[in-house]
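Structure data follow from protein18.cif (mmCIF, C-alpha atoms and all ligand atoms):
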data_coords
loop_
_atom_site.label_atom_id
_atom_site.label_comp_id
_atom_site.auth_asym_id
_atom_site.auth_seq_id
_atom_site.Cartn_x
_atom_site.Cartn_y
_atom_site.Cartn_z
CA MET M 1 1.87 22.29 -2.24
CA THR M 2 -0.23 19.16 -2.39
CA ILE M 3 1.29 15.91 -3.59
CA ASN M 4 -0.66 12.85 -4.64
CA ILE M 5 1.24 9.62 -5.18
CA ILE M 6 0.56 5.93 -5.60
CA LEU M 7 2.79 3.33 -3.96
CA LEU M 8 2.75 0.32 -6.26
CA GLY M 9 4.36 -3.01 -5.54
CA PRO M 10 3.74 -6.60 -4.49
CA PRO M 11 2.73 -7.55 -0.93
CA GLY M 12 5.72 -7.05 1.38
CA ALA M 13 7.44 -4.46 -0.83
CA GLY M 14 7.33 -1.94 2.03
CA LYS M 15 4.45 0.25 0.84
CA GLY M 16 2.92 0.59 4.30
CA THR M 17 6.23 1.44 5.96
CA GLN M 18 7.04 4.14 3.41
CA ALA M 19 3.50 5.50 3.53
CA ARG M 20 3.78 5.93 7.30
CA LYS M 21 7.01 7.83 6.85
CA LEU M 22 5.47 10.15 4.25
CA VAL M 23 2.60 10.84 6.63
CA GLU M 24 5.08 11.82 9.34
CA ASP M 25 7.49 13.81 7.16
CA ARG M 26 5.09 15.55 4.80
CA GLY M 27 1.68 15.45 6.41
CA LEU M 28 0.18 13.47 3.56
CA VAL M 29 -2.95 11.38 4.16
CA GLN M 30 -2.42 7.64 3.78
CA LEU M 31 -5.23 5.88 1.97
CA SER M 32 -4.63 2.17 2.45
CA THR M 33 -7.49 0.09 1.09
CA GLY M 34 -6.05 -2.90 2.99
CA ASP M 35 -6.34 -0.98 6.30
CA MET M 36 -9.85 0.21 5.40
CA LEU M 37 -10.96 -3.33 4.60
CA ARG M 38 -9.42 -4.68 7.83
CA ALA M 39 -11.28 -1.95 9.76
CA ALA M 40 -14.51 -2.88 7.96
CA ARG M 41 -14.15 -6.58 8.77
CA SER M 42 -13.43 -5.97 12.45
CA SER M 43 -16.46 -3.68 12.72
CA GLY M 44 -18.61 -6.69 11.78
CA THR M 45 -20.68 -4.91 9.08
CA GLU M 46 -22.28 -6.90 6.24
CA MET M 47 -19.59 -5.66 3.86
CA GLY M 48 -16.91 -6.57 6.40
CA LYS M 49 -18.16 -10.13 6.66
CA ARG M 50 -18.25 -10.50 2.88
CA VAL M 51 -14.69 -9.30 2.39
CA ALA M 52 -13.10 -11.17 5.32
CA GLU M 53 -13.15 -14.53 3.60
CA VAL M 54 -11.83 -13.13 0.32
CA MET M 55 -8.97 -11.36 2.10
CA ASP M 56 -7.94 -14.40 4.12
CA ARG M 57 -7.69 -16.43 0.92
CA GLY M 58 -5.41 -13.74 -0.50
CA GLN M 59 -7.75 -12.80 -3.34
CA LEU M 60 -8.75 -9.32 -4.41
CA VAL M 61 -11.95 -7.74 -3.11
CA THR M 62 -14.28 -6.44 -5.86
CA ASP M 63 -13.41 -3.19 -7.64
CA GLU M 64 -16.80 -1.76 -6.70
CA ILE M 65 -16.14 -2.04 -2.96
CA VAL M 66 -12.63 -0.57 -2.94
CA ILE M 67 -13.48 2.25 -5.36
CA GLY M 68 -16.39 3.13 -3.04
CA LEU M 69 -14.04 3.26 -0.05
CA ILE M 70 -11.60 5.54 -1.85
CA ARG M 71 -14.36 7.82 -3.16
CA GLU M 72 -15.55 8.44 0.42
CA LYS M 73 -12.07 9.36 1.65
CA LEU M 74 -11.00 11.66 -1.19
CA SER M 75 -13.22 14.44 0.11
CA GLU M 76 -11.15 14.65 3.31
CA GLY M 77 -8.30 16.63 1.69
CA GLY M 78 -5.06 17.58 3.48
CA ASN M 79 -1.60 18.07 1.97
CA GLY M 80 -2.32 15.31 -0.52
CA PHE M 81 -2.77 11.57 -0.63
CA ILE M 82 -0.64 8.44 -0.64
CA PHE M 83 -2.55 5.65 -2.31
CA ASP M 84 -1.20 2.52 -0.63
CA GLY M 85 -2.40 -0.76 -2.12
CA PHE M 86 -4.81 1.03 -4.48
CA PRO M 87 -5.30 0.80 -7.42
CA ARG M 88 -4.73 -2.94 -7.85
CA THR M 89 -6.51 -3.46 -11.18
CA LEU M 90 -6.77 -1.53 -14.44
CA ALA M 91 -10.45 -0.82 -13.69
CA GLN M 92 -9.44 0.69 -10.34
CA ALA M 93 -6.75 2.77 -12.05
CA ASP M 94 -9.27 4.16 -14.54
CA ALA M 95 -11.73 4.89 -11.72
CA LEU M 96 -9.04 6.70 -9.73
CA GLY M 97 -8.12 8.79 -12.78
CA GLN M 98 -11.75 9.82 -13.09
CA LEU M 99 -12.16 10.57 -9.38
CA LEU M 100 -9.04 12.75 -9.37
CA GLU M 101 -10.24 14.62 -12.43
CA GLU M 102 -13.67 15.22 -10.86
CA THR M 103 -12.06 16.63 -7.71
CA GLY M 104 -9.48 18.71 -9.62
CA MET M 105 -6.52 16.76 -8.23
CA VAL M 106 -3.32 15.79 -10.03
CA LEU M 107 -1.52 12.48 -9.74
CA ASP M 108 2.16 13.37 -9.35
CA ALA M 109 3.90 10.02 -9.43
CA VAL M 110 3.49 6.28 -9.19
CA VAL M 111 6.34 4.89 -7.12
CA GLU M 112 7.00 1.32 -8.18
CA MET M 113 8.71 -0.51 -5.32
CA GLN M 114 10.79 -3.27 -6.86
CA VAL M 115 11.55 -6.30 -4.67
CA ASP M 116 12.34 -9.86 -5.70
CA ASP M 117 9.94 -12.66 -4.81
CA GLU M 118 12.18 -14.51 -2.38
CA ALA M 119 12.67 -11.36 -0.33
CA LEU M 120 8.90 -10.89 -0.24
CA VAL M 121 8.29 -14.32 1.21
CA ARG M 122 10.92 -13.73 3.91
CA ARG M 123 9.55 -10.29 4.73
CA ILE M 124 5.92 -11.33 4.93
CA THR M 125 6.20 -14.54 6.88
CA GLY M 126 8.09 -12.80 9.74
CA ARG M 127 6.01 -9.63 9.81
CA TYR M 128 3.96 -8.29 12.74
CA THR M 129 2.59 -4.86 13.61
CA CYS M 130 1.52 -2.88 16.64
CA GLY M 131 -2.28 -2.84 16.80
CA ASN M 132 -2.18 0.52 18.59
CA CYS M 133 0.27 2.71 16.60
CA GLY M 134 0.82 0.64 13.46
CA GLU M 135 4.63 0.28 13.79
CA VAL M 136 5.85 -2.63 11.64
CA TYR M 137 8.27 -5.29 13.00
CA HIS M 138 9.95 -8.45 11.74
CA ASP M 139 11.06 -11.57 13.64
CA ASP M 140 14.59 -11.56 12.17
CA THR M 141 15.34 -8.07 10.88
CA LYS M 142 13.47 -5.79 13.28
CA PRO M 143 12.17 -7.45 16.44
CA THR M 144 10.83 -5.33 19.30
CA LYS M 145 13.55 -4.43 21.85
CA VAL M 146 11.48 -5.99 24.64
CA ALA M 147 9.65 -9.14 23.54
CA GLY M 148 5.91 -8.49 23.18
CA VAL M 149 6.10 -4.71 23.74
CA CYS M 150 5.98 -2.04 21.00
CA ASP M 151 9.15 0.11 20.97
CA VAL M 152 7.22 3.21 19.90
CA CYS M 153 4.09 3.32 22.08
CA GLY M 154 4.60 0.54 24.68
CA SER M 155 1.47 -1.33 23.65
CA THR M 156 1.44 -5.13 24.05
CA ASP M 157 -1.14 -5.48 21.26
CA LEU M 158 1.24 -6.94 18.65
CA ARG M 159 -0.55 -8.66 15.79
CA ARG M 160 0.14 -10.89 12.81
CA ARG M 161 -2.17 -10.54 9.81
CA ALA M 162 -4.38 -13.54 9.05
CA ASP M 163 -3.20 -13.46 5.42
CA ASP M 164 0.54 -13.23 6.23
CA ASN M 165 1.13 -16.96 5.85
CA GLU M 166 2.82 -18.84 3.03
CA HIS M 167 -0.40 -20.24 1.57
CA SER M 168 -2.29 -16.90 1.27
CA LEU M 169 0.90 -15.21 0.15
CA LYS M 170 1.11 -17.48 -2.90
CA THR M 171 -2.39 -16.39 -3.96
CA ARG M 172 -1.60 -12.74 -3.19
CA LEU M 173 1.49 -12.90 -5.39
CA LEU M 174 -0.45 -14.51 -8.22
CA GLU M 175 -3.16 -11.86 -7.92
CA TYR M 176 -0.43 -9.22 -8.05
CA TYR M 177 1.19 -10.58 -11.20
CA LYS M 178 -2.11 -11.26 -12.99
CA LYS M 179 -4.08 -8.16 -12.08
CA THR M 180 -1.84 -5.46 -10.59
CA SER M 181 1.47 -5.66 -12.47
CA PRO M 182 -0.18 -4.44 -15.75
CA LEU M 183 -0.43 -1.09 -13.96
CA ILE M 184 3.33 -0.71 -14.32
CA GLY M 185 2.96 -0.41 -18.11
CA TYR M 186 -0.22 1.65 -17.73
CA TYR M 187 1.46 4.33 -15.62
CA TYR M 188 4.70 4.19 -17.61
CA ALA M 189 2.67 5.07 -20.69
CA LYS M 190 1.13 7.98 -18.79
CA GLY M 191 4.63 9.26 -17.89
CA LYS M 192 4.04 8.78 -14.17
CA LEU M 193 6.15 5.76 -13.29
CA ALA M 194 9.09 6.13 -10.89
CA PRO M 195 10.81 2.82 -10.08
CA VAL M 196 12.69 2.58 -6.76
CA ASP M 197 14.82 -0.20 -5.32
CA GLY M 198 12.61 -1.62 -2.58
CA LEU M 199 15.39 -3.94 -1.38
CA ALA M 200 17.51 -1.05 -0.12
CA ASP M 201 17.28 -0.22 3.58
CA MET M 202 14.30 1.80 4.71
CA ASP M 203 16.03 5.21 4.76
CA ARG M 204 17.56 4.68 1.29
CA VAL M 205 14.11 3.84 -0.07
CA SER M 206 12.71 7.01 1.55
CA ASP M 207 15.49 9.05 -0.06
CA GLN M 208 14.67 7.59 -3.45
CA ILE M 209 11.00 8.45 -3.00
CA ALA M 210 11.85 11.98 -1.79
CA ALA M 211 13.96 12.47 -4.93
CA VAL M 212 10.96 11.61 -7.07
CA LEU M 213 8.45 13.96 -5.45
CA PRO M 214 9.56 17.51 -6.37
CA LEU M 215 10.60 16.30 -9.82
CA SER M 216 7.18 14.84 -10.40
CA ARG M 217 5.53 18.20 -9.63
CA GLU M 218 7.78 19.88 -12.19
CA ILE M 219 6.74 17.35 -14.80
CA ALA M 220 3.10 17.75 -13.89
CA THR M 221 3.13 21.55 -14.20
CA GLY M 222 5.55 21.61 -17.10
CA THR M 223 7.96 23.99 -15.30
P1 LIG T 301 -2.88 -5.03 1.79
O1 LIG T 301 -2.98 -4.63 3.22
O2 LIG T 301 -2.75 -3.86 0.87
O3 LIG T 301 -1.84 -6.09 1.56
O4 LIG T 301 -4.29 -5.71 1.42
C1 LIG T 301 -4.76 -6.88 2.09
C2 LIG T 301 -5.89 -7.51 1.31
O5 LIG T 301 -6.98 -6.60 1.19
C3 LIG T 301 -5.56 -7.91 -0.11
O6 LIG T 301 -4.92 -9.17 -0.22
C4 LIG T 301 -6.95 -7.91 -0.75
O7 LIG T 301 -7.70 -9.06 -0.35
C5 LIG T 301 -7.61 -6.71 -0.09
N1 LIG T 301 -7.34 -5.45 -0.83
C6 LIG T 301 -6.63 -4.38 -0.40
N2 LIG T 301 -6.61 -3.41 -1.32
C7 LIG T 301 -7.32 -3.87 -2.37
C8 LIG T 301 -7.65 -3.33 -3.65
N3 LIG T 301 -7.23 -2.11 -4.04
N4 LIG T 301 -8.40 -4.10 -4.49
C9 LIG T 301 -8.85 -5.32 -4.12
N5 LIG T 301 -8.55 -5.90 -2.94
C10 LIG T 301 -7.81 -5.17 -2.06
#
Any chance you could give the structure as structure tokens?
Amino acid sequence: MTINIILLGPPGAGKGTQARKLVEDRGLVQLSTGDMLRAARSSGTEMGKRVAEVMDRGQLVTDEIVIGLIREKLSEGGNGFIFDGFPRTLAQADALGQLLEETGMVLDAVVEMQVDDEALVRRITGRYTCGNCGEVYHDDTKPTKVAGVCDVCGSTDLRRRADDNEHSLKTRLLEYYKKTSPLIGYYYAKGKLAPVDGLADMDRVSDQIAAVLPLSREIATGT
């Protein structure tokens, strides 16, 4: 059974962490436009150079670019997709709807990860990840057991994102409220919205998401 879901929420809501878990547990393919754009910028392509500056400021990259990235990846298939950080605008949501229709895929649920703003600032300003395996850490709540070494793969390539600072975060939050939060109403109206408490601990959040998934398939097929 394939499952296609969107993880929707402000920066720092835990979308990436939950997406990684769904990849492990259910074999879904994570489509993170943020990761794709970071890969593009580090490859030094023309597109990468153009988006780097926009990303560092905390603004949104153009719809055209991110829709193009998603279109390329949708052909890869698998047990289904987790859209992580996409769509972020109504135009992107419409484009995704069209792409899914063209490829005969169904959107099962849009998981809205609810977190309050103060928690977001705390989460983001202490965040770092392993450049090798992608494990996510936090200075206060989840430091590595040995300083500077990833618990999971032993890599010493621990990185902080250029846009994980208080200044860029302010812009990212504003972009979220202005351009992305209207998607909550959009998907509610489509009967797809599943709010979860993103402040709960990681396993509780996973349980809430797991509870949404089979239910969403029943809704989608009308059984
Ligand atoms: P993320 O890793 O999802 O927090 O994304 C990091 C940055 O990449 C964002 O602040 C945007 O600059 C850009 N970005 C990622 N996804 C999108 C998207 N769907 N639309 C526009 N910009 C995006």
Distance cut-off 8 Å, centre (-0.7, -6.5, 15.5) in file coordinates, counting only C-alpha atoms: which residues qualify? Return them as a ChimeraX atom specification. /M:128-132,134,157-161
Put a box with edges along x, y and z around all the listed atoms of region 100-103 of chain M, pad it by 3 Å on each side, then give me its centre and sizes in Å, one decimal, as AutoDock Vina command-line options.
--center_x -11.4 --center_y 14.7 --center_z -10.1 --size_x 10.6 --size_y 9.9 --size_z 10.7
Which protein, DNA or RNA residues have an atom at most 12 Å from (-4.8, -3.3, 2.3), counting all atoms listed in the file? List them as a PyMOL selection string. chain M and resi 7-8+10-12+15-16+30-41+51-52+55-56+58-61+66+69-70+83-88+161+163-164+172
If you count all atoms listed in the file, which residues fall within 8 Å of region 24-29 of chain M, apart from same-chain ones fewer than 3 positions away, as a ChimeraX atom specification? /M:3,20-21,77-82
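Distances here use only C-alpha atoms and all ligand atoms; by that measure, the residue among M:His138, M:Lys190, M:Lys145, M:Lys170 closest to ligand LIG 301 (chain T) is M:Lys170.
Between CA of Leu213 (chain M) and atom C2 of ligand LIG 301 (chain T) there is a distance of 26.7 Å.
Counting only C-alpha atoms and all ligand atoms and comparing M:Thr103, M:Met113, M:Ile124, M:Ala189, the residue that lies closest to ligand LIG 301 (chain T) is M:Ile124.
Proximity to ligand LIG 301 (chain T) was assessed for M:Ile184, M:Ala194, M:Ala109, M:Ile6 counting all atoms listed in the file; the smallest distance is recorded for M:Ile6.
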Return the single residue from M:Ile209, M:Met105, M:Ala162, M:Val149 that is closest to ligand LIG 301 (chain T), with distances computed using all atoms listed in the file. M:Ala162
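Here the question is which of M:Ala211, M:Leu22, M:Ile67, M:Leu100 gets nearest to ligand LIG 301 (chain T) using all atoms listed in the file, and that residue is M:Ile67.
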Have a look at M:Asp201, M:Asp94, M:Glu175, M:Glu166 and name the one nearest to ligand LIG 301 (chain T); count only C-alpha atoms and all ligand atoms. M:Glu175
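Note that the spacing between CA of Ser43 (chain M) and CA of Val23 (chain M) amounts to 24.7 Å.
Take CA of Ala13 (chain M) and CA of Glu101 (chain M): the distance between them is 28.5 Å.
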Just region 37-85 of chain M, please, as a PDB file, in the first residue's frame (only N, CA and C atoms).
ATOM      1  N   LEU M  37      17.510  21.785  -2.249  1.00  0.00           N
ATOM      2  CA  LEU M  37      18.088  23.108  -2.529  1.00  0.00           C
ATOM      3  C   LEU M  37      19.483  23.227  -1.917  1.00  0.00           C
ATOM      4  N   ARG M  38      19.676  22.647  -0.720  1.00  0.00           N
ATOM      5  CA  ARG M  38      21.022  22.676  -0.108  1.00  0.00           C
ATOM      6  C   ARG M  38      22.004  21.859  -0.955  1.00  0.00           C
ATOM      7  N   ALA M  39      21.526  20.744  -1.513  1.00  0.00           N
ATOM      8  CA  ALA M  39      22.400  19.936  -2.390  1.00  0.00           C
ATOM      9  C   ALA M  39      22.739  20.751  -3.644  1.00  0.00           C
ATOM     10  N   ALA M  40      21.748  21.446  -4.181  1.00  0.00           N
ATOM     11  CA  ALA M  40      21.969  22.232  -5.403  1.00  0.00           C
ATOM     12  C   ALA M  40      22.985  23.343  -5.146  1.00  0.00           C
ATOM     13  N   ARG M  41      22.884  23.991  -3.994  1.00  0.00           N
ATOM     14  CA  ARG M  41      23.805  25.110  -3.740  1.00  0.00           C
ATOM     15  C   ARG M  41      25.219  24.595  -3.520  1.00  0.00           C
ATOM     16  N   SER M  42      25.362  23.420  -2.888  1.00  0.00           N
ATOM     17  CA  SER M  42      26.732  22.959  -2.643  1.00  0.00           C
ATOM     18  C   SER M  42      27.348  22.358  -3.902  1.00  0.00           C
ATOM     19  N   SER M  43      26.516  22.037  -4.905  1.00  0.00           N
ATOM     20  CA  SER M  43      27.078  21.525  -6.159  1.00  0.00           C
ATOM     21  C   SER M  43      27.573  22.675  -7.041  1.00  0.00           C
ATOM     22  N   GLY M  44      27.254  23.907  -6.650  1.00  0.00           N
ATOM     23  CA  GLY M  44      27.799  25.077  -7.347  1.00  0.00           C
ATOM     24  C   GLY M  44      27.192  25.353  -8.711  1.00  0.00           C
ATOM     25  N   THR M  45      26.015  24.773  -9.016  1.00  0.00           N
ATOM     26  CA  THR M  45      25.361  25.049 -10.305  1.00  0.00           C
ATOM     27  C   THR M  45      24.840  26.489 -10.316  1.00  0.00           C
ATOM     28  N   GLU M  46      24.438  26.947 -11.510  1.00  0.00           N
ATOM     29  CA  GLU M  46      23.887  28.309 -11.642  1.00  0.00           C
ATOM     30  C   GLU M  46      22.676  28.479 -10.724  1.00  0.00           C
ATOM     31  N   MET M  47      21.795  27.454 -10.768  1.00  0.00           N
ATOM     32  CA  MET M  47      20.586  27.506  -9.943  1.00  0.00           C
ATOM     33  C   MET M  47      20.971  27.554  -8.462  1.00  0.00           C
ATOM     34  N   GLY M  48      21.971  26.738  -8.104  1.00  0.00           N
ATOM     35  CA  GLY M  48      22.430  26.688  -6.715  1.00  0.00           C
ATOM     36  C   GLY M  48      22.902  28.046  -6.225  1.00  0.00           C
ATOM     37  N   LYS M  49      23.652  28.732  -7.083  1.00  0.00           N
ATOM     38  CA  LYS M  49      24.171  30.049  -6.695  1.00  0.00           C
ATOM     39  C   LYS M  49      23.024  31.037  -6.491  1.00  0.00           C
ATOM     40  N   ARG M  50      22.036  30.940  -7.388  1.00  0.00           N
ATOM     41  CA  ARG M  50      20.903  31.879  -7.300  1.00  0.00           C
ATOM     42  C   ARG M  50      20.116  31.679  -6.010  1.00  0.00           C
ATOM     43  N   VAL M  51      19.933  30.409  -5.622  1.00  0.00           N
ATOM     44  CA  VAL M  51      19.082  30.162  -4.458  1.00  0.00           C
ATOM     45  C   VAL M  51      19.821  30.357  -3.126  1.00  0.00           C
ATOM     46  N   ALA M  52      21.143  30.247  -3.135  1.00  0.00           N
ATOM     47  CA  ALA M  52      21.893  30.297  -1.873  1.00  0.00           C
ATOM     48  C   ALA M  52      21.598  31.573  -1.090  1.00  0.00           C
ATOM     49  N   GLU M  53      21.633  32.684  -1.797  1.00  0.00           N
ATOM     50  CA  GLU M  53      21.447  33.976  -1.129  1.00  0.00           C
ATOM     51  C   GLU M  53      20.032  34.109  -0.553  1.00  0.00           C
ATOM     52  N   VAL M  54      19.068  33.648  -1.341  1.00  0.00           N
ATOM     53  CA  VAL M  54      17.659  33.708  -0.919  1.00  0.00           C
ATOM     54  C   VAL M  54      17.466  32.859   0.345  1.00  0.00           C
ATOM     55  N   MET M  55      18.036  31.665   0.341  1.00  0.00           N
ATOM     56  CA  MET M  55      17.897  30.764   1.484  1.00  0.00           C
ATOM     57  C   MET M  55      18.540  31.350   2.738  1.00  0.00           C
ATOM     58  N   ASP M  56      19.717  31.901   2.594  1.00  0.00           N
ATOM     59  CA  ASP M  56      20.425  32.431   3.769  1.00  0.00           C
ATOM     60  C   ASP M  56      19.665  33.595   4.401  1.00  0.00           C
ATOM     61  N   ARG M  57      18.944  34.342   3.548  1.00  0.00           N
ATOM     62  CA  ARG M  57      18.124  35.430   4.101  1.00  0.00           C
ATOM     63  C   ARG M  57      16.876  34.893   4.788  1.00  0.00           C
ATOM     64  N   GLY M  58      16.520  33.652   4.507  1.00  0.00           N
ATOM     65  CA  GLY M  58      15.328  33.064   5.121  1.00  0.00           C
ATOM     66  C   GLY M  58      14.083  33.247   4.275  1.00  0.00           C
ATOM     67  N   GLN M  59      14.279  33.701   3.023  1.00  0.00           N
ATOM     68  CA  GLN M  59      13.112  33.898   2.155  1.00  0.00           C
ATOM     69  C   GLN M  59      12.815  32.629   1.365  1.00  0.00           C
ATOM     70  N   LEU M  60      11.660  32.628   0.716  1.00  0.00           N
ATOM     71  CA  LEU M  60      11.294  31.455  -0.081  1.00  0.00           C
ATOM     72  C   LEU M  60      11.901  31.551  -1.475  1.00  0.00           C
ATOM     73  N   VAL M  61      12.356  30.420  -1.975  1.00  0.00           N
ATOM     74  CA  VAL M  61      12.839  30.288  -3.348  1.00  0.00           C
ATOM     75  C   VAL M  61      11.598  30.299  -4.254  1.00  0.00           C
ATOM     76  N   THR M  62      11.764  30.643  -5.538  1.00  0.00           N
ATOM     77  CA  THR M  62      10.579  30.765  -6.405  1.00  0.00           C
ATOM     78  C   THR M  62       9.832  29.433  -6.560  1.00  0.00           C
ATOM     79  N   ASP M  63       8.519  29.557  -6.756  1.00  0.00           N
ATOM     80  CA  ASP M  63       7.670  28.372  -6.944  1.00  0.00           C
ATOM     81  C   ASP M  63       8.181  27.533  -8.112  1.00  0.00           C
ATOM     82  N   GLU M  64       8.571  28.219  -9.189  1.00  0.00           N
ATOM     83  CA  GLU M  64       8.998  27.527 -10.402  1.00  0.00           C
ATOM     84  C   GLU M  64      10.143  26.547 -10.106  1.00  0.00           C
ATOM     85  N   ILE M  65      11.124  27.006  -9.349  1.00  0.00           N
ATOM     86  CA  ILE M  65      12.286  26.153  -9.054  1.00  0.00           C
ATOM     87  C   ILE M  65      11.881  24.936  -8.223  1.00  0.00           C
ATOM     88  N   VAL M  66      11.148  25.162  -7.129  1.00  0.00           N
ATOM     89  CA  VAL M  66      10.844  24.010  -6.257  1.00  0.00           C
ATOM     90  C   VAL M  66       9.858  23.042  -6.905  1.00  0.00           C
ATOM     91  N   ILE M  67       8.923  23.561  -7.680  1.00  0.00           N
ATOM     92  CA  ILE M  67       7.981  22.659  -8.374  1.00  0.00           C
ATOM     93  C   ILE M  67       8.764  21.792  -9.372  1.00  0.00           C
ATOM     94  N   GLY M  68       9.745  22.401 -10.035  1.00  0.00           N
ATOM     95  CA  GLY M  68      10.598  21.653 -10.971  1.00  0.00           C
ATOM     96  C   GLY M  68      11.348  20.533 -10.265  1.00  0.00           C
ATOM     97  N   LEU M  69      11.863  20.822  -9.072  1.00  0.00           N
ATOM     98  CA  LEU M  69      12.609  19.804  -8.316  1.00  0.00           C
ATOM     99  C   LEU M  69      11.708  18.630  -7.951  1.00  0.00           C
ATOM    100  N   ILE M  70      10.502  18.953  -7.488  1.00  0.00           N
ATOM    101  CA  ILE M  70       9.558  17.905  -7.085  1.00  0.00           C
ATOM    102  C   ILE M  70       9.112  17.075  -8.297  1.00  0.00           C
ATOM    103  N   ARG M  71       8.857  17.751  -9.409  1.00  0.00           N
ATOM    104  CA  ARG M  71       8.403  17.051 -10.611  1.00  0.00           C
ATOM    105  C   ARG M  71       9.414  15.968 -11.006  1.00  0.00           C
ATOM    106  N   GLU M  72      10.694  16.320 -10.952  1.00  0.00           N
ATOM    107  CA  GLU M  72      11.763  15.367 -11.306  1.00  0.00           C
ATOM    108  C   GLU M  72      11.725  14.128 -10.418  1.00  0.00           C
ATOM    109  N   LYS M  73      11.491  14.354  -9.114  1.00  0.00           N
ATOM    110  CA  LYS M  73      11.607  13.250  -8.148  1.00  0.00           C
ATOM    111  C   LYS M  73      10.392  12.337  -8.121  1.00  0.00           C
ATOM    112  N   LEU M  74       9.229  12.862  -8.514  1.00  0.00           N
ATOM    113  CA  LEU M  74       7.998  12.071  -8.381  1.00  0.00           C
ATOM    114  C   LEU M  74       8.017  10.801  -9.211  1.00  0.00           C
ATOM    115  N   SER M  75       8.843  10.791 -10.258  1.00  0.00           N
ATOM    116  CA  SER M  75       8.876   9.608 -11.125  1.00  0.00           C
ATOM    117  C   SER M  75       9.611   8.448 -10.456  1.00  0.00           C
ATOM    118  N   GLU M  76      10.296   8.727  -9.316  1.00  0.00           N
ATOM    119  CA  GLU M  76      11.131   7.678  -8.714  1.00  0.00           C
ATOM    120  C   GLU M  76      10.346   6.611  -7.935  1.00  0.00           C
ATOM    121  N   GLY M  77       9.104   6.910  -7.564  1.00  0.00           N
ATOM    122  CA  GLY M  77       8.221   5.885  -6.975  1.00  0.00           C
ATOM    123  C   GLY M  77       8.615   5.405  -5.589  1.00  0.00           C
ATOM    124  N   GLY M  78       8.368   4.112  -5.299  1.00  0.00           N
ATOM    125  CA  GLY M  78       8.629   3.570  -3.957  1.00  0.00           C
ATOM    126  C   GLY M  78       7.318   3.278  -3.263  1.00  0.00           C
ATOM    127  N   ASN M  79       7.367   3.201  -1.916  1.00  0.00           N
ATOM    128  CA  ASN M  79       6.148   2.917  -1.151  1.00  0.00           C
ATOM    129  C   ASN M  79       5.291   4.160  -0.940  1.00  0.00           C
ATOM    130  N   GLY M  80       5.719   5.266  -1.521  1.00  0.00           N
ATOM    131  CA  GLY M  80       4.991   6.518  -1.356  1.00  0.00           C
ATOM    132  C   GLY M  80       5.942   7.621  -0.929  1.00  0.00           C
ATOM    133  N   PHE M  81       5.391   8.825  -0.828  1.00  0.00           N
ATOM    134  CA  PHE M  81       6.241   9.988  -0.590  1.00  0.00           C
ATOM    135  C   PHE M  81       5.858  10.742   0.678  1.00  0.00           C
ATOM    136  N   ILE M  82       6.883  11.308   1.314  1.00  0.00           N
ATOM    137  CA  ILE M  82       6.662  12.273   2.394  1.00  0.00           C
ATOM    138  C   ILE M  82       7.122  13.605   1.848  1.00  0.00           C
ATOM    139  N   PHE M  83       6.214  14.523   1.685  1.00  0.00           N
ATOM    140  CA  PHE M  83       6.587  15.862   1.235  1.00  0.00           C
ATOM    141  C   PHE M  83       6.946  16.675   2.474  1.00  0.00           C
ATOM    142  N   ASP M  84       8.222  17.015   2.578  1.00  0.00           N
ATOM    143  CA  ASP M  84       8.753  17.666   3.783  1.00  0.00           C
ATOM    144  C   ASP M  84       9.215  19.072   3.403  1.00  0.00           C
ATOM    145  N   GLY M  85       8.439  20.073   3.828  1.00  0.00           N
ATOM    146  CA  GLY M  85       8.802  21.453   3.470  1.00  0.00           C
ATOM    147  C   GLY M  85       8.285  21.853   2.097  1.00  0.00           C
TER     148      GLY M  85
END
